[in-house]
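For reference, final_4.tsv is printed below; it contains TSV, C-alpha atoms.
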```tsv
chain	number	residue	atom	x	y	z
A	1	MET	CA	20.72	3.50	-11.78
A	2	SER	CA	21.74	3.72	-8.16
A	3	ALA	CA	18.94	6.01	-6.98
A	4	LYS	CA	17.74	4.70	-3.63
A	5	SER	CA	14.14	3.81	-3.01
A	6	ASP	CA	12.06	3.59	0.14
A	7	ILE	CA	10.69	0.13	0.74
A	8	THR	CA	9.26	-1.81	3.65
A	9	LEU	CA	10.47	-5.32	4.43
A	10	THR	CA	8.20	-7.35	6.68
A	11	ILE	CA	10.48	-9.75	8.56
A	12	ASN	CA	8.88	-12.19	11.01
A	13	GLY	CA	5.84	-9.94	11.17
A	14	ARG	CA	7.78	-6.78	11.93
A	15	ALA	CA	7.93	-3.95	9.39
A	16	HIS	CA	11.33	-2.44	8.59
A	17	ALA	CA	11.27	0.80	6.59
A	18	ILE	CA	14.56	0.98	4.68
A	19	HIS	CA	16.18	3.11	2.01
A	20	VAL	CA	18.15	0.99	-0.48
A	21	GLU	CA	19.70	0.94	-3.92
A	22	PRO	CA	18.01	-1.37	-6.47
A	23	ARG	CA	21.15	-3.55	-6.49
A	24	ARG	CA	20.98	-4.25	-2.74
A	25	THR	CA	20.46	-7.98	-2.24
A	26	LEU	CA	17.76	-9.17	0.11
A	27	ALA	CA	20.47	-10.91	2.19
A	28	ASP	CA	22.42	-7.67	2.68
A	29	ALA	CA	19.24	-5.72	3.42
A	30	ILE	CA	18.13	-8.23	6.07
A	31	ARG	CA	21.56	-8.19	7.74
A	32	GLU	CA	22.84	-4.65	7.26
A	33	ASP	CA	19.70	-2.52	6.96
A	34	CYS	CA	17.39	-4.49	9.26
A	35	GLY	CA	20.05	-5.75	11.68
A	36	GLN	CA	18.91	-9.38	11.57
A	37	THR	CA	22.25	-11.19	11.42
A	38	GLY	CA	20.88	-14.70	11.95
A	39	THR	CA	20.69	-15.06	8.16
A	40	HIS	CA	24.21	-15.86	6.98
A	41	ILE	CA	25.96	-15.12	3.71
A	42	GLY	CA	28.32	-17.86	2.60
A	43	CYS	CA	29.04	-17.82	-1.12
A	44	GLU	CA	26.98	-14.85	-2.34
A	45	HIS	CA	26.13	-16.63	-5.59
A	46	GLY	CA	23.40	-19.11	-4.84
A	47	ILE	CA	25.47	-22.24	-4.27
A	48	CYS	CA	25.67	-22.76	-0.52
A	49	GLY	CA	22.15	-21.92	0.66
A	50	ALA	CA	23.31	-20.40	3.97
A	51	CYS	CA	21.20	-17.30	3.24
A	52	THR	CA	17.94	-19.21	2.69
A	53	VAL	CA	14.86	-17.39	4.01
A	54	ILE	CA	11.14	-17.94	3.40
A	55	VAL	CA	9.43	-15.36	1.15
A	56	ASP	CA	5.64	-15.73	0.86
A	57	GLY	CA	5.89	-19.40	1.80
A	58	GLU	CA	8.75	-20.30	-0.55
A	59	PRO	CA	12.33	-20.95	0.58
A	60	VAL	CA	14.57	-18.60	-1.44
A	61	ARG	CA	18.26	-17.78	-1.51
A	62	SER	CA	18.25	-14.21	-0.28
A	63	CYS	CA	21.60	-13.48	-1.98
A	64	LEU	CA	19.94	-14.05	-5.37
A	65	MET	CA	16.96	-11.79	-4.75
A	66	PHE	CA	16.98	-8.02	-4.61
A	67	ALA	CA	15.53	-6.34	-1.55
A	68	VAL	CA	13.14	-4.33	-3.73
A	69	GLN	CA	11.68	-7.60	-5.07
A	70	ALA	CA	10.73	-8.63	-1.54
A	71	ALA	CA	9.00	-5.37	-0.67
A	72	GLY	CA	5.50	-6.00	0.63
A	73	LYS	CA	6.06	-9.75	0.92
A	74	LYS	CA	6.12	-11.87	4.07
A	75	ILE	CA	9.72	-12.73	4.92
A	76	GLY	CA	10.56	-15.41	7.49
A	77	THR	CA	14.06	-15.75	8.96
A	78	VAL	CA	15.63	-17.98	11.61
A	79	GLU	CA	14.92	-15.36	14.29
A	80	GLY	CA	11.19	-15.98	13.82
A	81	LEU	CA	11.16	-19.79	14.13
A	82	ALA	CA	10.96	-20.25	17.89
A	83	ASN	CA	7.78	-19.55	19.79
A	84	GLY	CA	8.99	-17.58	22.80
A	85	ASP	CA	11.26	-19.93	24.76
A	86	THR	CA	10.04	-22.99	22.88
A	87	LEU	CA	12.20	-24.05	19.98
A	88	HIS	CA	10.51	-24.90	16.66
A	89	PRO	CA	10.43	-28.72	16.18
A	90	MET	CA	13.08	-28.31	13.48
A	91	GLN	CA	15.41	-26.41	15.83
A	92	GLN	CA	14.82	-28.97	18.59
A	93	ALA	CA	15.53	-31.85	16.20
A	94	PHE	CA	18.81	-30.27	15.06
A	95	MET	CA	19.83	-30.02	18.73
A	96	ASP	CA	18.72	-33.58	19.57
A	97	HIS	CA	20.40	-35.18	16.55
A	98	HIS	CA	23.55	-33.08	16.59
A	99	GLY	CA	22.67	-31.57	13.20
A	100	LEU	CA	25.05	-28.65	13.70
A	101	GLN	CA	28.62	-28.03	14.71
A	102	CYS	CA	29.83	-24.52	13.89
A	103	GLY	CA	26.29	-23.37	13.16
A	104	PHE	CA	27.06	-21.18	10.15
A	105	CYS	CA	24.96	-23.12	7.64
A	106	THR	CA	22.25	-23.97	10.19
A	107	PRO	CA	19.85	-21.04	9.68
A	108	GLY	CA	19.79	-21.81	5.94
A	109	PHE	CA	19.09	-25.50	6.52
A	110	LEU	CA	16.38	-24.69	9.08
A	111	MET	CA	14.57	-22.29	6.77
A	112	LEU	CA	14.92	-24.61	3.78
A	113	ALA	CA	13.54	-27.61	5.65
A	114	VAL	CA	10.76	-25.71	7.42
A	115	GLY	CA	9.75	-23.93	4.20
A	116	VAL	CA	9.53	-27.15	2.23
A	117	LEU	CA	7.70	-29.13	4.93
A	118	GLU	CA	5.18	-26.34	5.46
A	119	ARG	CA	4.49	-26.23	1.75
A	120	GLU	CA	4.55	-29.99	1.25
A	121	PRO	CA	4.07	-31.83	4.57
A	122	ASP	CA	3.82	-35.25	2.92
A	123	ILE	CA	6.90	-34.90	0.74
A	124	SER	CA	8.52	-38.27	-0.04
A	125	ASP	CA	11.80	-39.12	1.63
A	126	ASP	CA	13.60	-39.14	-1.73
A	127	ASP	CA	12.32	-35.66	-2.55
A	128	LEU	CA	13.25	-34.43	0.92
A	129	LEU	CA	16.82	-35.67	0.45
A	130	ASP	CA	16.88	-34.00	-2.97
A	131	VAL	CA	15.81	-30.70	-1.41
A	132	LEU	CA	18.42	-30.96	1.36
A	133	SER	CA	21.15	-31.58	-1.19
A	134	SER	CA	20.78	-27.95	-2.28
A	135	ASN	CA	22.52	-26.57	0.83
A	136	LEU	CA	26.12	-27.03	1.89
A	137	CYS	CA	27.52	-27.91	5.33
A	138	ARG	CA	31.23	-28.38	5.92
A	139	CYS	CA	31.07	-29.78	9.47
A	140	THR	CA	28.48	-32.49	9.89
A	141	GLY	CA	28.78	-34.71	6.84
A	142	TYR	CA	25.00	-34.29	6.35
A	143	GLN	CA	23.89	-37.55	7.99
A	144	ASN	CA	22.86	-35.86	11.23
A	145	ILE	CA	21.12	-33.06	9.35
A	146	ILE	CA	19.10	-35.67	7.46
A	147	LYS	CA	18.28	-37.47	10.72
A	148	ALA	CA	17.19	-34.19	12.30
A	149	VAL	CA	14.98	-33.16	9.37
A	150	ARG	CA	13.34	-36.60	9.17
A	151	ALA	CA	12.58	-36.45	12.90
A	152	ALA	CA	11.20	-32.92	12.69
A	153	ALA	CA	9.09	-33.86	9.66
A	154	LYS	CA	7.46	-36.58	11.78
A	155	THR	CA	6.77	-34.13	14.61
A	156	MET	CA	5.43	-31.47	12.24
A	157	ARG	CA	3.09	-33.98	10.53
A	158	GLY	CA	1.82	-35.16	13.92
A	159	LYS	CA	0.43	-31.73	14.71
B	1	MET	CA	29.73	-43.03	41.16
B	2	THR	CA	28.14	-42.09	37.85
B	3	ALA	CA	30.43	-40.22	35.51
B	4	LYS	CA	29.13	-36.79	34.69
B	5	PHE	CA	30.77	-36.45	31.30
B	6	VAL	CA	32.52	-39.72	30.44
B	7	GLY	CA	30.67	-42.28	28.33
B	8	ARG	CA	27.60	-40.17	27.56
B	9	SER	CA	26.50	-37.40	25.25
B	10	VAL	CA	26.67	-33.95	26.74
B	11	PRO	CA	24.27	-31.27	25.46
B	12	ARG	CA	26.24	-28.45	23.82
B	13	LEU	CA	25.88	-25.00	25.37
B	14	GLU	CA	26.36	-23.28	22.02
B	15	ASP	CA	23.53	-25.04	20.17
B	16	ARG	CA	20.67	-22.90	21.41
B	17	PRO	CA	22.01	-19.48	20.38
B	18	LEU	CA	23.20	-20.92	17.06
B	19	LEU	CA	19.75	-22.39	16.36
B	20	LEU	CA	18.02	-19.14	17.27
B	21	GLY	CA	20.14	-17.05	14.90
B	22	GLN	CA	21.92	-15.43	17.84
B	23	GLY	CA	25.39	-16.73	17.00
B	24	ARG	CA	27.99	-14.01	16.60
B	25	PHE	CA	30.23	-14.68	13.62
B	26	ALA	CA	32.90	-12.22	12.45
B	27	ALA	CA	30.62	-10.68	9.81
B	28	ASP	CA	27.88	-10.12	12.41
B	29	ILE	CA	30.01	-7.71	14.43
B	30	SER	CA	29.69	-4.05	13.55
B	31	PHE	CA	31.37	-1.27	15.50
B	32	PRO	CA	30.51	2.39	14.88
B	33	GLY	CA	32.88	3.73	12.22
B	34	GLN	CA	34.15	0.24	11.43
B	35	TRP	CA	36.39	0.00	8.37
B	36	HIS	CA	36.19	-2.76	5.79
B	37	MET	CA	39.04	-4.62	4.16
B	38	ARG	CA	39.26	-6.33	0.81
B	39	VAL	CA	42.11	-8.59	-0.30
B	40	VAL	CA	43.11	-7.70	-3.87
B	41	ARG	CA	44.55	-10.62	-5.79
B	42	SER	CA	46.50	-10.59	-9.01
B	43	GLY	CA	44.58	-11.00	-12.22
B	44	ILE	CA	47.59	-12.87	-13.61
B	45	ALA	CA	47.78	-16.55	-12.70
B	46	HIS	CA	51.58	-16.87	-12.88
B	47	GLY	CA	53.87	-13.85	-12.83
B	48	LYS	CA	56.37	-11.83	-10.89
B	49	ILE	CA	55.32	-8.72	-8.93
B	50	LYS	CA	57.84	-5.98	-9.73
B	51	SER	CA	56.02	-3.15	-7.98
B	52	ILE	CA	52.60	-2.15	-6.69
B	53	ASP	CA	51.33	1.35	-7.39
B	54	ALA	CA	48.42	2.13	-5.08
B	55	SER	CA	48.45	5.91	-5.59
B	56	ALA	CA	45.23	6.03	-7.64
B	57	THR	CA	43.39	3.87	-5.07
B	58	LEU	CA	44.56	6.03	-2.18
B	59	LYS	CA	43.00	9.08	-3.86
B	60	LEU	CA	39.51	7.47	-3.92
B	61	PRO	CA	37.02	8.84	-1.40
B	62	GLY	CA	36.62	6.55	1.63
B	63	VAL	CA	39.91	4.70	1.13
B	64	HIS	CA	41.92	4.88	4.35
B	65	ALA	CA	44.88	2.65	3.58
B	66	VAL	CA	46.44	0.17	1.21
B	67	TRP	CA	48.71	-2.46	2.67
B	68	THR	CA	51.22	-4.41	0.65
B	69	ALA	CA	53.88	-6.92	1.68
B	70	ALA	CA	56.24	-4.01	2.35
B	71	ASP	CA	53.94	-2.72	5.11
B	72	ILE	CA	54.00	-6.00	7.00
B	73	ALA	CA	57.67	-6.87	6.38
B	74	GLN	CA	58.40	-6.94	10.14
B	75	ALA	CA	55.49	-9.27	10.86
B	76	ASN	CA	56.51	-11.52	7.99
B	77	LYS	CA	60.04	-11.73	9.43
B	78	ALA	CA	58.67	-12.86	12.81
B	79	LEU	CA	56.52	-15.46	11.09
B	80	ALA	CA	59.47	-16.77	9.09
B	81	VAL	CA	61.46	-17.24	12.32
B	82	ALA	CA	58.51	-19.02	13.95
B	83	ILE	CA	58.21	-21.42	11.01
B	84	LYS	CA	61.95	-22.06	11.09
B	85	ASP	CA	61.78	-22.86	14.82
B	86	PHE	CA	58.85	-25.13	14.23
B	87	ASP	CA	60.78	-26.99	11.53
B	88	ALA	CA	63.74	-27.37	13.88
B	89	ASP	CA	61.47	-29.16	16.39
B	90	GLU	CA	60.58	-31.82	13.85
B	91	PRO	CA	62.42	-35.09	14.48
```
Can you give me the file's structure in the form of structure tokens?
Amino acid sequence: MSAKSDITLTINGRAHAIHVEPRRTLADAIREDCGQTGTHIGCEHGICGACTVIVDGEPVRSCLMFAVQAAGKKIGTVEGLANGDTLHPMQQAFMDHHGLQCGFCTPGFLMLAVGVLEREPDISDDDLLDVLSSNLCRCTGYQNIIKAVRAAAKTMRGK
Amino acid sequence: MTAKFVGRSVPRLEDRPLLLGQGRFAADISFPGQWHMRVVRSGIAHGKIKSIDASATLKLPGVHAVWTAADIAQANKALAVAIKDFDADEP
């Protein structure tokens, strides 16, 4: 059962050839095998959302997906959000609205919010709040995260 | 004179790396040959520890050490003194 297989993970457009056991989670593969530590692991059982990444356009909890399931798919992580020196509107909004303190949950929130707004740019405010309630933050009390995401949604729609 | 910091929001220096995924949290640090530690807790909710036998664990490949309270008795003693001193400072 633990025979390793050779797979390729495409993270932010870059191919990573890795050799992993079937039980290796996508989160561990991204961090340990591909060296992309921007994706954080909080609870390891799908509650906190810190490990959220975008797989083929859908935000997913990478601790609940196996690496082999993501082989050949397009994976987006926090490291791929900015365009050179220019922050993504979502990153800029988090900075402007003080949507982060310790920053541990931030990559998960960024990928969740960006993934949902790219899929559904005209999502209602109620639905947006419902989506955001799926991730945990222990610093900010959520209000500033909500402010930041609302502001970024406006900017993203304006494009 | 305009105050540089008082009465206004100051942009945080740490925001940018944290937003770019470049923060360095404990789990992000990996030295060559780094060891890993796991805290083993009792499976019994309420009981008395009479002894801990780690001999089988120590024989497993890749296991370097098992620490129990006995191994950190000195450190615990120092901590107990510190707490006692702290209590003494309380009014």
At most 6 Å is the cut-off: for each residue in chain A with any atom that close to an atom of chain B, write down the nearest atom pair and the distance in Å rounded to one decimal, counting only C-alpha atoms, chain first then increasing number, as a tab-separated table.
```
residue	atom	partner	partner_atom	distance
A:Thr37	CA	B:Asp28	CA	5.8
A:Gly38	CA	B:Gly21	CA	3.8
A:Val78	CA	B:Gly21	CA	5.7
A:Glu79	CA	B:Gly21	CA	5.5
A:Gln91	CA	B:Leu19	CA	5.9
A:Gly103	CA	B:Leu18	CA	5.5
```
Export, as a short mmCIF file (atom, residue, chain, number, x, y, z; two decimals), keeping the file's coordinate frame, the selected residues with C-alpha atoms.
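Okay, out-v2.cif is ready:
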```cif
data_model
loop_
_atom_site.label_atom_id
_atom_site.label_comp_id
_atom_site.auth_asym_id
_atom_site.auth_seq_id
_atom_site.Cartn_x
_atom_site.Cartn_y
_atom_site.Cartn_z
CA THR A 37 22.25 -11.19 11.42
CA GLY A 38 20.88 -14.70 11.95
CA VAL A 78 15.63 -17.98 11.61
CA GLU A 79 14.92 -15.36 14.29
CA GLN A 91 15.41 -26.41 15.83
CA GLY A 103 26.29 -23.37 13.16
#
```
Straight-line distance linking CA of Ser2 (chain A) with CA of Arg31 (chain A), stated in Å to one decimal: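 If I compute the distance from CA of Ser2 (chain A) to CA of Arg31 (chain A), I get 19.9 Å.
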What separation in Å, quoted to one decimal, exists between CA of Lys147 (chain A) and CA of Leu112 (chain A)?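 Calculated distance between CA of Lys147 (chain A) and CA of Leu112 (chain A) is 15.0 Å.
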Using only C-alpha atoms, which protein or nucleic acid residues come within 10 Å of Asp53 (chain B)? Drop anything in the same chain fewer than 5 positions from it, and give the result as a PDB file with C-alpha atoms, in the coordinates of the input.
```
ATOM      1  CA  LEU B  58      44.560   6.030  -2.180  1.00  0.00           C
ATOM      2  CA  VAL B  66      46.440   0.170   1.210  1.00  0.00           C
ATOM      3  CA  THR B  68      51.220  -4.410   0.650  1.00  0.00           C
TER       4      THR B  68
END
```
Please list as a compact mmCIF listing (two decimals) with C-alpha atoms, in the frame of the given file every residue within 8 Å of region 128-139 of chain A, counting all atoms listed in the file and excluding residues in the same chain fewer than 4 positions away.
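Result file follows (out31.txt):
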```txt
# COMPACT_ATOMS: atom_id res chain seq x y z
CA ILE A 47 25.47 -22.24 -4.27
CA CYS A 48 25.67 -22.76 -0.52
CA GLY A 49 22.15 -21.92 0.66
CA ALA A 50 23.31 -20.40 3.97
CA LEU A 100 25.05 -28.65 13.70
CA GLN A 101 28.62 -28.03 14.71
CA CYS A 102 29.83 -24.52 13.89
CA CYS A 105 24.96 -23.12 7.64
CA GLY A 108 19.79 -21.81 5.94
CA PHE A 109 19.09 -25.50 6.52
CA LEU A 112 14.92 -24.61 3.78
CA ALA A 113 13.54 -27.61 5.65
CA ILE A 123 6.90 -34.90 0.74
CA SER A 124 8.52 -38.27 -0.04
CA ILE A 146 19.10 -35.67 7.46
```
